[in-house]
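Take a look at the structure below.
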Amino acid sequence: MPAFPLPRYISDERLLPLADKVLRKERLTFEDGLLLYASPDLTGIGAMAQHVRLRLHGRKTYYVQSRRLSYTNICHTHCQFCAFQAKPDDPRAYVLSVEDVVRELSKPENATVRELHMTSGHNPKLKIDYFEDLFRKIKAAFPQIHLKVFTMIEMDYYARNSGLSVEAFLDRCVAAGLESCPGGGAEIFAPEIREKICIGKKEANTWLRVAEICHGRGISTNCTMLYGHIEQPRHRVDHLLQLRELQDRTRGFLAYIPLAYQIEDNELSRTYEIHETTGTQDLREVAVARLLLDNIPHIKAYWVMITEGLAQIAQNYGANDLDGTLIEEEIAHLAGAKTPQFLSKNQLERLIRAADFEPIERDNLYNEM
């Protein structure tokens, strides 16, 4: 990799000691993280993050041909930021049968899908038998599709709802075809924020404990943080460093995805004065993550929440993955995301190449296709 003269790009002199650490591959501290949020020098922060990105991945940017599918929107939990959830008597409420899912995946537009990403509500009527039947029949009909299902909070809920330990629930799901888990449900770990934005959702320790159980059983997961609502920089830094600490122990996180809060049609935005995240916020989140999460290999720019254009730019701020084609993403769009619900493989590759990066199709475990 050619030399990347970091000091030339830094205008805030307070960042120079951090740049020295980055060049020496030294770990950044909590106080360093606060400075990354406080500094107005986004270009300098981006340059440091890009140095790390180029060292780890060169100019490769990954994507996957993926499909989003929610098996139910019925949820007993009351997350104030969510516009997806429905109560059982809501006319919008639904539960997909196994036949519904197989029929949907049989449509022509899903022919090249390599990854099925399923996250949903916490439906008290669904138990382990539903998921075992679902996973077995999906894998029987579509053995080439990788099953990525359950946030950590979902897994904890459905294990308890089934009268099982998380370990027993996970083992049975894996035997039926579960292969990895997405990273949602983490929101913000700080309890004083969590109790205001996701009343009824389990505490941060539950999310971290279930992730550790998955990793201990060889099930890789992603991890996330929801930003841009009522949290403060100290909460974000704390969240990222808790993820880093767990990764030190387990090495089970594949990728980190910063999730921009969507302001429409949810209780949180009606309760507090919250503005839509800006482009500088979104790029800073990507860059700070790349700098603090030194042990998580991949950082995603989630185009659904920050737009395709910003995802392109984020490739110069530390991101090395543009997620995937997605096909019918619901959760972010119901909360106000204005991006498309689908991008084709050709569209994703064009976005990557137009920013002078090399598109690499991957599977869920980052094997290059």
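Chain lettering (A, B, ...) mirrors the order of the structure tokens, residue numbering begins at 1 for each chain separately, and ligand numbering begins at 1 in order of display.
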Test item: residues at most 7 Å from A:Gly184, only C-alpha atoms, excluding those fewer than 5 positions along its chain, as a list in words
Thr151, Cys223 and Thr224 of chain A
With C-alpha atoms retained, export the selected residues as a PDB file, in the first residue's frame.
```pdb
ATOM      1  CA  THR A 151     -31.105 -10.064  16.492  1.00  0.00           C
ATOM      2  CA  CYS A 223     -23.035  -5.587  15.400  1.00  0.00           C
ATOM      3  CA  THR A 224     -24.697  -2.190  15.202  1.00  0.00           C
TER       4      THR A 224
END
```
Shell around A:Ile45 at 9 Å using only C-alpha atoms, local window under 5 positions removed, as a PDB file with C-alpha atoms, in the first residue's frame:
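Resulting contents of result22.pdb:
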```pdb
ATOM      1  CA  TYR A   9      -4.661  16.059   5.832  1.00  0.00           C
ATOM      2  CA  ILE A  10      -5.094  17.110   9.475  1.00  0.00           C
ATOM      3  CA  LEU A  15      -5.688  14.989  16.242  1.00  0.00           C
ATOM      4  CA  ALA A  19      -2.681  10.049  13.915  1.00  0.00           C
ATOM      5  CA  LEU A  36     -13.029  12.267  17.354  1.00  0.00           C
ATOM      6  CA  SER A  39     -13.134  17.837  16.496  1.00  0.00           C
ATOM      7  CA  GLN A  50      -9.115   5.682   5.372  1.00  0.00           C
ATOM      8  CA  ARG A 284     -18.154  10.770  11.038  1.00  0.00           C
ATOM      9  CA  ALA A 287     -14.863   6.992  10.344  1.00  0.00           C
ATOM     10  CA  VAL A 288     -14.997   6.863  14.150  1.00  0.00           C
ATOM     11  CA  LEU A 291     -10.756   3.975  14.123  1.00  0.00           C
ATOM     12  CA  TYR A 317     -14.056   7.473   5.297  1.00  0.00           C
TER      13      TYR A 317
END
```
Counting only C-alpha atoms, closest pick from A:Cys181, A:Cys198, A:Ala255, A:Ile352 relative to A:Thr221 is A:Cys181
message = Please list as a ChimeraX atom specification every residue within 9 Å of stretch 226-241 of chain A, counting only C-alpha atoms and excluding residues in the same chain fewer than 4 positions away.
response = /A:29-31,33-34,37-38,81,184-190,193,196-197,245-246,258-263,268-269,272-277,281-282,285,288-289,292-293
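Residue nearest A:Lys25 within the list A:Ser180, A:Gln347, A:Asn295, A:Asn364: A:Asn295 [criterion: smallest interatomic distance, only C-alpha atoms].
Among the candidates A:Glu109, A:Asp129, A:Asp32, A:Asp356, the residue lying nearest to A:Ser344 is A:Glu109 (atoms considered: only C-alpha atoms).
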**Item:** Contact residues around stretch 173-176 of chain A with only C-alpha atoms at 9 Å, ignoring same-chain residues under 6 positions, as a PyMOL selection string
**Value:** chain A and resi 128+131-137+139+219
Now that the selection is made, can you save its residues with N, CA and C atoms as a PDB file, in the first residue's frame?
```
ATOM      1  N   ILE A 128     -40.154 -22.259  19.157  1.00  0.00           N
ATOM      2  CA  ILE A 128     -39.068 -22.967  18.474  1.00  0.00           C
ATOM      3  C   ILE A 128     -39.565 -23.831  17.322  1.00  0.00           C
ATOM      4  N   PHE A 131     -39.746 -21.937  14.040  1.00  0.00           N
ATOM      5  CA  PHE A 131     -38.464 -21.621  13.428  1.00  0.00           C
ATOM      6  C   PHE A 131     -37.763 -22.859  12.872  1.00  0.00           C
ATOM      7  N   GLU A 132     -37.851 -23.970  13.578  1.00  0.00           N
ATOM      8  CA  GLU A 132     -37.248 -25.193  13.045  1.00  0.00           C
ATOM      9  C   GLU A 132     -37.895 -25.572  11.718  1.00  0.00           C
ATOM     10  N   ASP A 133     -39.195 -25.513  11.647  1.00  0.00           N
ATOM     11  CA  ASP A 133     -39.902 -25.843  10.406  1.00  0.00           C
ATOM     12  C   ASP A 133     -39.542 -24.858   9.297  1.00  0.00           C
ATOM     13  N   LEU A 134     -39.510 -23.580   9.652  1.00  0.00           N
ATOM     14  CA  LEU A 134     -39.165 -22.539   8.679  1.00  0.00           C
ATOM     15  C   LEU A 134     -37.773 -22.756   8.110  1.00  0.00           C
ATOM     16  N   PHE A 135     -36.788 -22.939   8.963  1.00  0.00           N
ATOM     17  CA  PHE A 135     -35.408 -23.056   8.499  1.00  0.00           C
ATOM     18  C   PHE A 135     -35.194 -24.331   7.680  1.00  0.00           C
ATOM     19  N   ARG A 136     -35.753 -25.426   8.138  1.00  0.00           N
ATOM     20  CA  ARG A 136     -35.573 -26.688   7.398  1.00  0.00           C
ATOM     21  C   ARG A 136     -36.162 -26.594   5.987  1.00  0.00           C
ATOM     22  N   LYS A 137     -37.327 -26.002   5.876  1.00  0.00           N
ATOM     23  CA  LYS A 137     -37.976 -25.948   4.565  1.00  0.00           C
ATOM     24  C   LYS A 137     -37.322 -24.922   3.647  1.00  0.00           C
ATOM     25  N   LYS A 139     -34.056 -24.231   3.697  1.00  0.00           N
ATOM     26  CA  LYS A 139     -32.806 -24.852   3.251  1.00  0.00           C
ATOM     27  C   LYS A 139     -33.065 -26.012   2.289  1.00  0.00           C
ATOM     28  N   ILE A 219     -21.080 -19.313  15.689  1.00  0.00           N
ATOM     29  CA  ILE A 219     -22.032 -18.575  14.866  1.00  0.00           C
ATOM     30  C   ILE A 219     -21.589 -17.119  14.799  1.00  0.00           C
TER      31      ILE A 219
END
```
Using only C-alpha atoms, determine which residues lie at most 12 Å from A:Gly183, disregarding the query and same-chain residues fewer than 4 positions distant; provide the list as an MDAnalysis selection string.
chainID A and resid 117:119 148:155 187 207:208 210:211 214 220:226 243 252:259 300
Could those selected residues go to a file with C-alpha atoms, as a short mmCIF file (atom, residue, chain, number, x, y, z; two decimals), in the first residue's frame?
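Saved the output as result.cif:
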```
data_model
loop_
_atom_site.label_atom_id
_atom_site.label_comp_id
_atom_site.auth_asym_id
_atom_site.auth_seq_id
_atom_site.Cartn_x
_atom_site.Cartn_y
_atom_site.Cartn_z
CA HIS A 117 -31.66 -11.62 6.31
CA MET A 118 -34.65 -12.08 8.63
CA THR A 119 -35.41 -9.85 11.62
CA LYS A 148 -28.96 -14.92 8.69
CA VAL A 149 -31.72 -14.62 11.28
CA PHE A 150 -32.45 -13.08 14.74
CA THR A 151 -31.10 -10.06 16.49
CA MET A 152 -29.62 -10.96 19.87
CA ILE A 153 -32.73 -9.59 21.59
CA GLU A 154 -35.01 -11.61 19.30
CA MET A 155 -33.10 -14.78 20.08
CA GLU A 187 -29.48 0.34 19.79
CA TRP A 207 -27.55 -8.35 23.89
CA LEU A 208 -23.86 -8.80 24.73
CA VAL A 210 -26.37 -13.64 23.61
CA ALA A 211 -23.77 -12.44 21.12
CA CYS A 214 -23.41 -17.26 19.47
CA SER A 220 -20.75 -15.29 13.45
CA THR A 221 -22.76 -12.12 13.93
CA ASN A 222 -22.64 -8.48 12.98
CA CYS A 223 -23.04 -5.59 15.40
CA THR A 224 -24.70 -2.19 15.20
CA MET A 225 -25.37 1.10 16.95
CA LEU A 226 -28.39 3.36 16.46
CA LEU A 243 -18.36 -4.00 21.25
CA GLY A 252 -17.09 -13.40 16.43
CA PHE A 253 -18.17 -10.08 14.91
CA LEU A 254 -17.80 -9.96 11.13
CA ALA A 255 -18.90 -6.39 10.53
CA TYR A 256 -20.14 -3.26 12.26
CA ILE A 257 -23.01 -1.22 10.83
CA PRO A 258 -23.78 2.30 12.10
CA LEU A 259 -27.55 2.81 11.80
CA LYS A 300 -20.51 -1.13 6.43
#
```
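What separates atom CA of A:Leu6 from atom CA of A:Gly44 is a distance of 7.6 Å.
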Surrounding residues of A:Asp323 excluding itself and chain neighbours under 6 positions, 10 Å, only C-alpha atoms, as a PDB file with C-alpha atoms, in the first residue's frame:
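Ended up saving to part-v5.pdb:
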```pdb
ATOM      1  CA  THR A  61     -15.478  -2.830  -1.409  1.00  0.00           C
ATOM      2  CA  TYR A  62     -17.726  -5.786  -0.654  1.00  0.00           C
ATOM      3  CA  TYR A  63     -21.404  -6.376  -1.316  1.00  0.00           C
ATOM      4  CA  VAL A  64     -23.778  -9.346  -1.211  1.00  0.00           C
ATOM      5  CA  GLN A  65     -26.875 -10.268  -3.171  1.00  0.00           C
ATOM      6  CA  SER A  66     -29.303 -10.347  -0.294  1.00  0.00           C
ATOM      7  CA  ALA A 255     -18.897  -6.385  10.534  1.00  0.00           C
ATOM      8  CA  ILE A 257     -23.013  -1.219  10.835  1.00  0.00           C
ATOM      9  CA  ILE A 299     -17.313  -1.504   8.462  1.00  0.00           C
ATOM     10  CA  LYS A 300     -20.515  -1.135   6.432  1.00  0.00           C
ATOM     11  CA  ALA A 301     -21.971   1.992   4.880  1.00  0.00           C
ATOM     12  CA  TYR A 302     -25.660   1.091   5.014  1.00  0.00           C
ATOM     13  CA  TRP A 303     -27.017   2.852   1.946  1.00  0.00           C
ATOM     14  CA  VAL A 304     -30.646   2.272   2.989  1.00  0.00           C
ATOM     15  CA  ALA A 311     -22.495   5.375   1.010  1.00  0.00           C
ATOM     16  CA  LEU A 348     -24.126  -1.504  -6.553  1.00  0.00           C
ATOM     17  CA  ARG A 362     -19.075 -11.873  -1.267  1.00  0.00           C
ATOM     18  CA  ASN A 364     -22.184 -13.746   4.225  1.00  0.00           C
TER      19      ASN A 364
END
```
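Going from atom CA of A:Pro88 to atom CA of A:Ile74 covers 6.0 Å.
Coordinates place atom CA of A:His57 at a distance of 11.1 Å from atom CA of A:Gln315.
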